[in-house]
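Heads up: the structure comes next, in structure tokens.
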Number of protein chains: 2
Amino acid sequence: MIAEIICVGTELLLGQILNTNAQYLSQKLAEYGIDLYFQTVVGDNIERIKYATNLAANRADILIFTGGLGPTQDDITKEAVCSYFNLPMYLDENVLSDISSYFEKRERPMPEAHKKKAMLPIGAKILPNHHGTAPGVMVESNKKTIIFLPGPPFELIPMFESYVEPYLNTVSQYKIYSRVLKFMGIGESSIEEELEDLFSNQSDPTLALYAKSSEVTLRISTKKMEEEKANEILDDMELKIRERLNEYIYGIDNQTIEEVVVDLLMKKSLVLAVAESCTGGLISSKITDVPGASNVFDRSFITYSNEAKVNLLKVNEQTLKDYGAVSKEVCIQMARGAILNSKANVALSVTGIAGPTGATEKKPVGLVFVGFSDGKNSDFCEYRFLGERKRIKELAACYALDFLRKKLLKNY
Amino acid sequence: MIAEIICVGTELLLGQILNTNAQYLSQKLAEYGIDLYFQTVVGDNIERIKYATNLAANRADILIFTGGLGPTQDDITKEAVCSYFNLPMYLDENVLSDISSYFEKRERPMPEAHKKKAMLPIGAKILPNHHGTAPGVMVESNKKTIIFLPGPPFELIPMFESYVEPYLNTVSQYKIYSRVLKFMGIGESSIEEELEDLFSNQSDPTLALYAKSSEVTLRISTKKMEEEKANEILDDMELKIRERLNEYIYGIDNQTIEEVVVDLLMKKSLVLAVAESCTGGLISSKITDVPGASNVFDRSFITYSNEAKVNLLKVNEQTLKDYGAVSKEVCIQMARGAILNSKANVALSVTGIAGPTGATEKKPVGLVFVGFSDGKNSDFCEYRFLGERKRIKELAACYALDFLRKKLLKNY
């Protein structure tokens, strides 16, 4: 079973809106194990919609159209596609009366143009729209299933869930179950090398790597009828991967590094303080994005100036002179200072050069030190990140949190 | 001149990532008046990439590919497209040496797989990648211009701006010039009402409103050959709008509220300190996103616990007991405390309930107080935001910065 998604709308071709519908529908099709080889975006032009329909009809069984069901002159998706399939259309009186009563309730006359929303291909199954007035349509022609959905996501999503998913369930042979392992501190190609045998022999489950800005994700997927069997297979593969690369795996599925860290702090009943220089508050902001962070997070010192480092964290002025603010020495003093000046048991510190200015020959943009202290023991790690200012801040924040994660796992 | 966008990546077909590149590229093409009739997404499959290339080559002059330039086995965009166009490829020694030196700098061996990033079609113009190691490519074949761009947006966007836009400028017949006015503290429909006459009579320039999470933007656009003439028209309309709504307009085009604030602080030679509770570092992080922030930003106190507010900002314990941490009284004491415990001349403070827990009958989730102090005078503002935790943090941070902007404009 092969599907194709055709999103209709000149506003998509002008970049005025982001095509979130294509992502949503693709995810859903993948879940039901329905193949998708192409997504197409086409404007509100009858010939080009017919052209795209022709291509799709020659390479797919299910054609899903989004957009162009509204009342304006530009809304021509149904007309174009039905013309391609030689499907005659009729005015559905029930749909029309729903639309008129919508306007009656609002005490407004129904503009004539809205009538076209009730024009449907003969044999159509109507997909009710509970969040707007243009109904969706499902119709069969030439052994193809043609589905029309409205463009606004808040109309499309509930309609899809209520009326299209039950249909997909009847045609799908299996569902795809996946688990995502999230890696930090190791590159895409190194993971591929370490797991070369698993990659080259993959059939069920399959493995797919994806590099994001601060991390790499590995998706394990299996096509199954039963969830229990699927979970066994996913567990088994996860275990094989963890045997080799466990230290780099910070979380699974939608977990963020800050959620993992807050969760660890809670489990270990620890309270955190943070001392940030180049990240300027980003680490603290990430931690406080997590609901319940107030249980494990006490305070942060955003010590951007040297004076602030001395005043608030008691960093030694001589150390600043001798080694500079971006140094392992200052970084460790910052972490110790955060412990001494808070009620926390563990502290994380960051100092670095986010750029674009501030670099020297020995200290390039992207040089970042991350420090840790629990009052007794301290440690640090040195990183060199590439990119512009915001990216360096983001990488430094994520790697600092991962450094903390490893410390928490090892020492408590 | 007709362009076509082909985004390559099975992860797009599985809905694992949102196709923001298609939107970005579409916007840019529209700006240069280059027609775009189709966007296509295709997976990492050599036959299907060639199939999509064939379609595009038959209906467009400029083919823009994104994704699939990386080192893994799935990255086959260049290979597939060059095979379709019969473009022989060669190993570019300069590109290869750039990639190896990237790994040398990081003291890591270059995995063999990365070599393929240096495989380029003969006659290629290399588009340097300043944020990654896979270069972009521009090459001519059969009177078509073929452009390969990396998939990650943080690599694609700067590469497009530096190396593709200058090319588009040489082939475009006219440009669409726009200016975006950015509003905060006023809703979309109120703006529409205030500017009703301008909206109903628009032809050149045109006006388009767009509501985002914390702000509303108004785009003024005009199609012109000459920048000077376009700017006259944009200036004229901007002036008309500012005559009515100036106080709500915090910036133009891509300016962020934090850039506007940092710029104002610089112009007025002021230094800022921040005291954050519910925003947890987000305001400080936004400010330090702006290059040069170190000139105007001294330090922040992220006082999440009450104890931290007392210790670091000398908030009165009795005030905390009497009014609670989320109150105008505490908010003002936090701003004053930030001034007294820093070298700053102005301070901004925020305390509120980000949720999902912590609300009481009188203090709902979304209640936020923002405070200001310059050591002599203090002021505050109360807000009630709707939404979940991260959205409330974001709104609180943006509105706090806008509150500071208005203070800086009025009083200094």
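Chains: A, B, ... in order of the structure tokens. Residues: from 1 per chain. Ligands: from 1, in order shown.
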### Which of range 188-259 of chain B fall in strand (DSSP E), as a list in words
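DSSP on the backbone gives strand (DSSP E) at Thr206, Leu207, Ala208, Leu209, Tyr210, Ala211, Val216, Thr217, Leu218, Arg219, Ile220, Ser221, Thr222, Lys223, Lys224, Ile249, Tyr250, Gly251 and Ile252 of chain B.
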If you keep N, CA, C and O atoms, can you produce a file of those selected residues as a PDB file, in the first residue's frame?
ATOM      1  N   THR B 206       1.402  46.571  -0.431  1.00  0.00           N
ATOM      2  CA  THR B 206       0.402  45.726   0.203  1.00  0.00           C
ATOM      3  C   THR B 206       0.770  45.505   1.674  1.00  0.00           C
ATOM      4  O   THR B 206       1.939  45.622   2.054  1.00  0.00           O
ATOM      5  N   LEU B 207      -0.248  45.183   2.464  1.00  0.00           N
ATOM      6  CA  LEU B 207      -0.044  44.971   3.909  1.00  0.00           C
ATOM      7  C   LEU B 207      -0.495  43.565   4.290  1.00  0.00           C
ATOM      8  O   LEU B 207      -1.536  43.106   3.819  1.00  0.00           O
ATOM      9  N   ALA B 208       0.278  42.895   5.110  1.00  0.00           N
ATOM     10  CA  ALA B 208      -0.130  41.563   5.579  1.00  0.00           C
ATOM     11  C   ALA B 208       0.199  41.413   7.056  1.00  0.00           C
ATOM     12  O   ALA B 208       1.347  41.613   7.463  1.00  0.00           O
ATOM     13  N   LEU B 209      -0.828  41.069   7.836  1.00  0.00           N
ATOM     14  CA  LEU B 209      -0.659  40.884   9.282  1.00  0.00           C
ATOM     15  C   LEU B 209      -0.411  39.420   9.593  1.00  0.00           C
ATOM     16  O   LEU B 209      -0.962  38.541   8.947  1.00  0.00           O
ATOM     17  N   TYR B 210       0.402  39.149  10.617  1.00  0.00           N
ATOM     18  CA  TYR B 210       0.617  37.769  11.021  1.00  0.00           C
ATOM     19  C   TYR B 210       0.856  37.714  12.531  1.00  0.00           C
ATOM     20  O   TYR B 210       1.740  38.413  13.047  1.00  0.00           O
ATOM     21  N   ALA B 211       0.029  36.919  13.215  1.00  0.00           N
ATOM     22  CA  ALA B 211       0.138  36.833  14.677  1.00  0.00           C
ATOM     23  C   ALA B 211       1.067  35.700  15.064  1.00  0.00           C
ATOM     24  O   ALA B 211       0.888  34.564  14.638  1.00  0.00           O
ATOM     25  N   VAL B 216       2.898  40.490  17.054  1.00  0.00           N
ATOM     26  CA  VAL B 216       2.206  40.512  15.767  1.00  0.00           C
ATOM     27  C   VAL B 216       3.132  41.223  14.789  1.00  0.00           C
ATOM     28  O   VAL B 216       3.777  42.218  15.137  1.00  0.00           O
ATOM     29  N   THR B 217       3.251  40.690  13.583  1.00  0.00           N
ATOM     30  CA  THR B 217       4.071  41.373  12.595  1.00  0.00           C
ATOM     31  C   THR B 217       3.180  41.894  11.475  1.00  0.00           C
ATOM     32  O   THR B 217       2.158  41.304  11.150  1.00  0.00           O
ATOM     33  N   LEU B 218       3.591  43.018  10.909  1.00  0.00           N
ATOM     34  CA  LEU B 218       2.879  43.611   9.780  1.00  0.00           C
ATOM     35  C   LEU B 218       3.899  43.796   8.659  1.00  0.00           C
ATOM     36  O   LEU B 218       4.879  44.525   8.813  1.00  0.00           O
ATOM     37  N   ARG B 219       3.667  43.088   7.542  1.00  0.00           N
ATOM     38  CA  ARG B 219       4.613  43.165   6.430  1.00  0.00           C
ATOM     39  C   ARG B 219       4.096  44.151   5.384  1.00  0.00           C
ATOM     40  O   ARG B 219       2.974  44.026   4.907  1.00  0.00           O
ATOM     41  N   ILE B 220       4.942  45.124   5.046  1.00  0.00           N
ATOM     42  CA  ILE B 220       4.633  46.077   3.970  1.00  0.00           C
ATOM     43  C   ILE B 220       5.474  45.636   2.776  1.00  0.00           C
ATOM     44  O   ILE B 220       6.685  45.474   2.905  1.00  0.00           O
ATOM     45  N   SER B 221       4.848  45.383   1.609  1.00  0.00           N
ATOM     46  CA  SER B 221       5.615  44.881   0.462  1.00  0.00           C
ATOM     47  C   SER B 221       5.349  45.708  -0.782  1.00  0.00           C
ATOM     48  O   SER B 221       4.228  46.170  -1.016  1.00  0.00           O
ATOM     49  N   THR B 222       6.387  45.848  -1.603  1.00  0.00           N
ATOM     50  CA  THR B 222       6.248  46.504  -2.899  1.00  0.00           C
ATOM     51  C   THR B 222       7.184  45.838  -3.907  1.00  0.00           C
ATOM     52  O   THR B 222       8.292  45.452  -3.566  1.00  0.00           O
ATOM     53  N   LYS B 223       6.688  45.687  -5.145  1.00  0.00           N
ATOM     54  CA  LYS B 223       7.471  45.053  -6.229  1.00  0.00           C
ATOM     55  C   LYS B 223       8.157  46.139  -7.013  1.00  0.00           C
ATOM     56  O   LYS B 223       7.468  46.966  -7.639  1.00  0.00           O
ATOM     57  N   LYS B 224       9.450  46.185  -7.018  1.00  0.00           N
ATOM     58  CA  LYS B 224      10.128  47.269  -7.717  1.00  0.00           C
ATOM     59  C   LYS B 224      11.438  46.791  -8.335  1.00  0.00           C
ATOM     60  O   LYS B 224      11.992  45.779  -7.952  1.00  0.00           O
ATOM     61  N   ILE B 249       5.262  49.437  18.455  1.00  0.00           N
ATOM     62  CA  ILE B 249       6.235  48.909  17.488  1.00  0.00           C
ATOM     63  C   ILE B 249       7.608  48.864  18.154  1.00  0.00           C
ATOM     64  O   ILE B 249       8.205  49.897  18.436  1.00  0.00           O
ATOM     65  N   TYR B 250       8.074  47.651  18.431  1.00  0.00           N
ATOM     66  CA  TYR B 250       9.366  47.578  19.131  1.00  0.00           C
ATOM     67  C   TYR B 250      10.536  47.461  18.176  1.00  0.00           C
ATOM     68  O   TYR B 250      11.675  47.732  18.546  1.00  0.00           O
ATOM     69  N   GLY B 251      10.268  47.032  16.947  1.00  0.00           N
ATOM     70  CA  GLY B 251      11.408  46.873  16.035  1.00  0.00           C
ATOM     71  C   GLY B 251      10.945  46.617  14.616  1.00  0.00           C
ATOM     72  O   GLY B 251       9.733  46.564  14.348  1.00  0.00           O
ATOM     73  N   ILE B 252      11.907  46.488  13.721  1.00  0.00           N
ATOM     74  CA  ILE B 252      11.546  46.193  12.332  1.00  0.00           C
ATOM     75  C   ILE B 252      12.341  44.987  11.829  1.00  0.00           C
ATOM     76  O   ILE B 252      13.359  44.608  12.393  1.00  0.00           O
TER      77      ILE B 252
END
### Task
Give me, as a ChimeraX atom specification, the contact residues of chain A against chain B at a cut-off of 7 Å, counting only C-alpha atoms.
/A:13-16,18,20,23-24,26-27,30,36-43,189,279-282,284-285,288-289,291,294,298-305,308,356,386-387,389-390
### Message
Residues within 8 Å of Pro88 in chain A, please, as a ChimeraX atom specification. Count only C-alpha atoms; anything in the same chain fewer than 3 positions from it doesn't count.
### Response
/A:82-83,121-122
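For the pair chain B and chain A, the all-Cα root-mean-square deviation following least-squares superposition comes to 5.3 Å.
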### Task
Pick out the residues sitting within 7 Å of Lys50 in chain A, and hand them over as a list in words; count only C-alpha atoms, and ignore anything fewer than 4 positions along from it in its own chain.
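Here the answer would be Ile46, Asn54, Ala80, Val81 and Tyr84 of chain A.
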Those residues with N, CA, C and O atoms, as an mmCIF file, in the first residue's frame please?
data_model
loop_
_atom_site.group_PDB
_atom_site.id
_atom_site.type_symbol
_atom_site.label_atom_id
_atom_site.label_comp_id
_atom_site.auth_asym_id
_atom_site.auth_seq_id
_atom_site.Cartn_x
_atom_site.Cartn_y
_atom_site.Cartn_z
ATOM 1 N N ILE A 46 -5.299 25.122 -11.485
ATOM 2 C CA ILE A 46 -6.025 23.904 -11.851
ATOM 3 C C ILE A 46 -5.171 22.948 -12.678
ATOM 4 O O ILE A 46 -5.148 21.739 -12.428
ATOM 5 N N ASN A 54 -1.983 13.460 -11.577
ATOM 6 C CA ASN A 54 -1.613 12.432 -12.544
ATOM 7 C C ASN A 54 -0.362 11.672 -12.095
ATOM 8 O O ASN A 54 -0.325 10.443 -12.098
ATOM 9 N N ALA A 80 -10.336 20.365 -9.367
ATOM 10 C CA ALA A 80 -9.230 19.932 -10.222
ATOM 11 C C ALA A 80 -9.075 18.411 -10.196
ATOM 12 O O ALA A 80 -8.943 17.765 -11.236
ATOM 13 N N VAL A 81 -9.118 17.840 -8.998
ATOM 14 C CA VAL A 81 -8.865 16.402 -8.864
ATOM 15 C C VAL A 81 -10.033 15.609 -9.446
ATOM 16 O O VAL A 81 -9.835 14.600 -10.145
ATOM 17 N N TYR A 84 -9.751 15.557 -13.104
ATOM 18 C CA TYR A 84 -8.747 14.582 -13.550
ATOM 19 C C TYR A 84 -9.336 13.163 -13.562
ATOM 20 O O TYR A 84 -9.125 12.395 -14.495
#
#### Entry: Exercise: Leu313 in chain A partners within 6 Å, only C-alpha atoms, chain neighbours under 5 positions left out, as a PyMOL selection string
chain A and resi 334+337-338
Export of prior selection with N, CA and C atoms as a PDB file, in the first residue's frame:
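Result file is selection.pdb:
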ATOM      1  N   MET A 334      34.508  28.691  39.800  1.00  0.00           N
ATOM      2  CA  MET A 334      33.091  29.088  39.657  1.00  0.00           C
ATOM      3  C   MET A 334      32.169  28.013  40.240  1.00  0.00           C
ATOM      4  N   GLY A 337      32.479  28.036  43.952  1.00  0.00           N
ATOM      5  CA  GLY A 337      31.814  29.245  44.472  1.00  0.00           C
ATOM      6  C   GLY A 337      30.303  29.079  44.493  1.00  0.00           C
ATOM      7  N   ALA A 338      29.767  28.413  43.480  1.00  0.00           N
ATOM      8  CA  ALA A 338      28.312  28.216  43.428  1.00  0.00           C
ATOM      9  C   ALA A 338      27.836  27.323  44.575  1.00  0.00           C
TER      10      ALA A 338
END
### Task
Can you work out the spacing between CA of Tyr383 in chain A and CA of Leu367 in chain A in Å, to one decimal?
5.9 Å
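Counting from CA of Asp61 in chain A, the distance to CA of Thr145 in chain A is 6.4 Å.
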Write out as a CSV table (one decimal) with N, CA and C atoms, in the first residue's frame all residues of range 222-340 of chain B that DSSP puts in helix (DSSP H, G or I) for this structure's backbone.
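As a result, selection_6.csv now contains:
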chain,number,residue,atom,x,y,z
B,227,GLU,N,15.8,49.7,-5.6
B,227,GLU,CA,15.7,49.7,-4.1
B,227,GLU,C,15.3,51.1,-3.6
B,228,GLU,N,15.8,52.2,-4.2
B,228,GLU,CA,15.6,53.5,-3.7
B,228,GLU,C,14.1,53.9,-3.8
B,229,LYS,N,13.5,53.6,-4.9
B,229,LYS,CA,12.1,53.9,-5.1
B,229,LYS,C,11.3,53.0,-4.1
B,230,ALA,N,11.6,51.7,-4.0
B,230,ALA,CA,11.0,50.9,-3.0
B,230,ALA,C,11.0,51.4,-1.6
B,231,ASN,N,12.2,51.9,-1.2
B,231,ASN,CA,12.4,52.4,0.2
B,231,ASN,C,11.5,53.6,0.4
B,232,GLU,N,11.4,54.4,-0.6
B,232,GLU,CA,10.5,55.6,-0.4
B,232,GLU,C,9.1,55.2,-0.1
B,233,ILE,N,8.6,54.2,-0.8
B,233,ILE,CA,7.2,53.7,-0.6
B,233,ILE,C,7.1,53.1,0.7
B,234,LEU,N,8.1,52.3,1.1
B,234,LEU,CA,8.0,51.6,2.4
B,234,LEU,C,8.1,52.7,3.6
B,235,ASP,N,9.0,53.6,3.4
B,235,ASP,CA,9.2,54.7,4.4
B,235,ASP,C,7.9,55.4,4.7
B,236,ASP,N,7.2,55.7,3.6
B,236,ASP,CA,6.0,56.5,3.6
B,236,ASP,C,4.9,55.7,4.4
B,237,MET,N,4.8,54.5,4.1
B,237,MET,CA,3.7,53.7,4.7
B,237,MET,C,4.1,53.4,6.2
B,238,GLU,N,5.4,53.2,6.5
B,238,GLU,CA,5.8,53.0,7.9
B,238,GLU,C,5.5,54.2,8.7
B,239,LEU,N,5.7,55.4,8.1
B,239,LEU,CA,5.4,56.6,8.8
B,239,LEU,C,3.9,56.7,9.2
B,240,LYS,N,3.1,56.4,8.2
B,240,LYS,CA,1.6,56.5,8.4
B,240,LYS,C,1.2,55.6,9.6
B,241,ILE,N,1.8,54.4,9.6
B,241,ILE,CA,1.5,53.4,10.7
B,241,ILE,C,2.0,53.9,12.0
B,242,ARG,N,3.2,54.4,12.0
B,242,ARG,CA,3.8,54.9,13.3
B,242,ARG,C,3.1,56.0,13.9
B,243,GLU,N,2.5,56.9,13.0
B,243,GLU,CA,1.7,58.0,13.5
B,243,GLU,C,0.6,57.5,14.4
B,244,ARG,N,0.1,56.3,14.2
B,244,ARG,CA,-1.0,55.8,15.0
B,244,ARG,C,-0.6,54.8,16.1
B,245,LEU,N,0.4,54.0,15.8
B,245,LEU,CA,0.7,52.9,16.7
B,245,LEU,C,2.1,52.8,17.1
B,246,ASN,N,2.8,53.9,17.1
B,246,ASN,CA,4.3,53.9,17.4
B,246,ASN,C,4.7,53.2,18.6
B,247,GLU,N,3.9,53.4,19.7
B,247,GLU,CA,4.4,52.9,21.0
B,247,GLU,C,4.4,51.3,21.1
B,248,TYR,N,3.6,50.7,20.2
B,248,TYR,CA,3.6,49.2,20.2
B,248,TYR,C,4.6,48.6,19.3
B,257,ILE,N,13.4,41.6,20.3
B,257,ILE,CA,13.2,42.5,21.4
B,257,ILE,C,14.6,42.6,22.2
B,258,GLU,N,15.3,41.5,22.3
B,258,GLU,CA,16.6,41.6,23.0
B,258,GLU,C,17.6,42.5,22.3
B,259,GLU,N,17.6,42.4,21.0
B,259,GLU,CA,18.5,43.3,20.2
B,259,GLU,C,18.2,44.7,20.4
B,260,VAL,N,16.9,45.0,20.4
B,260,VAL,CA,16.5,46.4,20.6
B,260,VAL,C,16.9,46.9,21.9
B,261,VAL,N,16.7,46.1,23.0
B,261,VAL,CA,17.1,46.5,24.3
B,261,VAL,C,18.6,46.6,24.5
B,262,VAL,N,19.4,45.7,24.0
B,262,VAL,CA,20.8,45.8,24.1
B,262,VAL,C,21.3,47.1,23.3
B,263,ASP,N,20.7,47.4,22.2
B,263,ASP,CA,21.0,48.6,21.4
B,263,ASP,C,20.7,49.8,22.2
B,264,LEU,N,19.6,49.9,22.8
B,264,LEU,CA,19.2,51.0,23.6
B,264,LEU,C,20.2,51.2,24.8
B,265,LEU,N,20.5,50.1,25.5
B,265,LEU,CA,21.4,50.2,26.6
B,265,LEU,C,22.8,50.8,26.1
B,266,MET,N,23.2,50.3,25.0
B,266,MET,CA,24.5,50.8,24.5
B,266,MET,C,24.4,52.3,24.2
B,267,LYS,N,23.4,52.7,23.5
B,267,LYS,CA,23.2,54.1,23.1
B,267,LYS,C,23.2,55.0,24.3
B,282,LEU,N,15.9,32.7,31.3
B,282,LEU,CA,15.6,33.0,29.8
B,282,LEU,C,15.8,34.4,29.4
B,283,ILE,N,15.5,35.4,30.3
B,283,ILE,CA,15.8,36.8,29.9
B,283,ILE,C,17.3,37.0,29.7
B,284,SER,N,18.0,36.5,30.7
B,284,SER,CA,19.5,36.7,30.6
B,284,SER,C,20.0,36.0,29.3
B,285,SER,N,19.5,34.8,29.0
B,285,SER,CA,20.0,34.1,27.9
B,285,SER,C,19.6,34.8,26.6
B,286,LYS,N,18.5,35.4,26.5
B,286,LYS,CA,18.1,36.2,25.4
B,286,LYS,C,19.1,37.4,25.2
B,287,ILE,N,19.3,38.1,26.3
B,287,ILE,CA,20.2,39.2,26.2
B,287,ILE,C,21.6,38.8,25.8
B,288,THR,N,22.1,37.7,26.3
B,288,THR,CA,23.4,37.3,25.9
B,288,THR,C,23.5,36.6,24.6
B,293,ALA,N,26.8,42.0,24.0
B,293,ALA,CA,26.0,42.1,25.2
B,293,ALA,C,26.9,42.4,26.4
B,294,SER,N,28.1,41.8,26.4
B,294,SER,CA,29.0,42.0,27.5
B,294,SER,C,29.3,43.5,27.9
B,295,ASN,N,29.1,44.4,26.9
B,295,ASN,CA,29.3,45.8,27.2
B,295,ASN,C,28.2,46.4,28.1
B,306,ASN,N,13.0,30.8,47.5
B,306,ASN,CA,12.9,32.0,48.4
B,306,ASN,C,14.2,32.4,49.1
B,307,GLU,N,14.9,31.3,49.5
B,307,GLU,CA,16.1,31.5,50.2
B,307,GLU,C,17.1,32.3,49.3
B,308,ALA,N,17.1,31.9,48.0
B,308,ALA,CA,18.0,32.6,47.1
B,308,ALA,C,17.6,34.1,47.0
B,309,LYS,N,16.3,34.4,47.0
B,309,LYS,CA,15.9,35.8,46.9
B,309,LYS,C,16.4,36.6,48.1
B,310,VAL,N,16.3,35.9,49.2
B,310,VAL,CA,16.7,36.6,50.5
B,310,VAL,C,18.3,36.8,50.5
B,311,ASN,N,19.0,35.7,50.2
B,311,ASN,CA,20.5,35.7,50.3
B,311,ASN,C,21.1,36.7,49.2
B,312,LEU,N,20.6,36.5,48.0
B,312,LEU,CA,21.3,37.2,46.9
B,312,LEU,C,20.8,38.6,46.6
B,313,LEU,N,19.5,38.8,46.9
B,313,LEU,CA,18.9,40.1,46.5
B,313,LEU,C,18.4,40.9,47.7
B,317,GLU,N,12.4,39.0,54.3
B,317,GLU,CA,11.7,37.7,54.6
B,317,GLU,C,10.2,38.0,55.0
B,318,GLN,N,10.0,39.1,55.7
B,318,GLN,CA,8.6,39.4,56.1
B,318,GLN,C,7.7,39.7,54.8
B,319,THR,N,8.3,40.4,53.8
B,319,THR,CA,7.6,40.7,52.6
B,319,THR,C,7.2,39.4,51.9
B,320,LEU,N,8.1,38.4,51.9
B,320,LEU,CA,7.9,37.1,51.3
B,320,LEU,C,6.7,36.4,52.0
B,321,LYS,N,6.7,36.5,53.4
B,321,LYS,CA,5.6,35.9,54.1
B,321,LYS,C,4.3,36.6,53.9
B,322,ASP,N,4.3,37.9,53.9
B,322,ASP,CA,3.1,38.7,53.8
B,322,ASP,C,2.4,38.6,52.4
B,323,TYR,N,3.3,38.7,51.4
B,323,TYR,CA,2.7,38.9,50.0
B,323,TYR,C,3.0,37.7,49.1
B,328,LYS,N,3.8,42.1,43.6
B,328,LYS,CA,4.5,43.3,43.1
B,328,LYS,C,5.6,43.7,44.1
B,329,GLU,N,5.3,43.5,45.4
B,329,GLU,CA,6.3,43.9,46.4
B,329,GLU,C,7.6,43.2,46.3
B,330,VAL,N,7.5,41.9,46.1
B,330,VAL,CA,8.8,41.1,46.0
B,330,VAL,C,9.5,41.4,44.7
B,331,CYS,N,8.7,41.6,43.7
B,331,CYS,CA,9.2,41.9,42.4
B,331,CYS,C,10.0,43.2,42.4
B,332,ILE,N,9.5,44.2,43.1
B,332,ILE,CA,10.2,45.5,43.1
B,332,ILE,C,11.5,45.4,44.0
B,333,GLN,N,11.4,44.6,45.1
B,333,GLN,CA,12.6,44.4,46.0
B,333,GLN,C,13.6,43.6,45.2
B,334,MET,N,13.2,42.7,44.3
B,334,MET,CA,14.2,41.9,43.5
B,334,MET,C,14.9,42.9,42.6
B,335,ALA,N,14.2,43.8,41.9
B,335,ALA,CA,14.9,44.8,41.0
B,335,ALA,C,15.9,45.7,41.8
B,336,ARG,N,15.4,46.1,43.0
B,336,ARG,CA,16.3,47.0,43.8
B,336,ARG,C,17.5,46.2,44.3
B,337,GLY,N,17.3,45.0,44.7
B,337,GLY,CA,18.4,44.1,45.1
B,337,GLY,C,19.4,43.9,44.0
B,338,ALA,N,18.9,43.7,42.8
B,338,ALA,CA,19.8,43.5,41.7
B,338,ALA,C,20.7,44.8,41.5
B,339,ILE,N,20.2,45.9,41.6
B,339,ILE,CA,20.9,47.2,41.5
B,339,ILE,C,22.0,47.3,42.6
B,340,LEU,N,21.6,47.0,43.9
B,340,LEU,CA,22.5,47.1,45.0
B,340,LEU,C,23.6,46.1,45.0
### Query
What does the distance between CA of Lys376 in chain A and CA of Ala400 in chain A come to in Å, to one decimal place?
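A separation of 19.5 Å between them.
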### Task
Between B:Ile126, B:Ala396, B:Leu270, B:Tyr177, single out the one closest to Ser162 in chain B, counting only C-alpha atoms.
B:Ile126
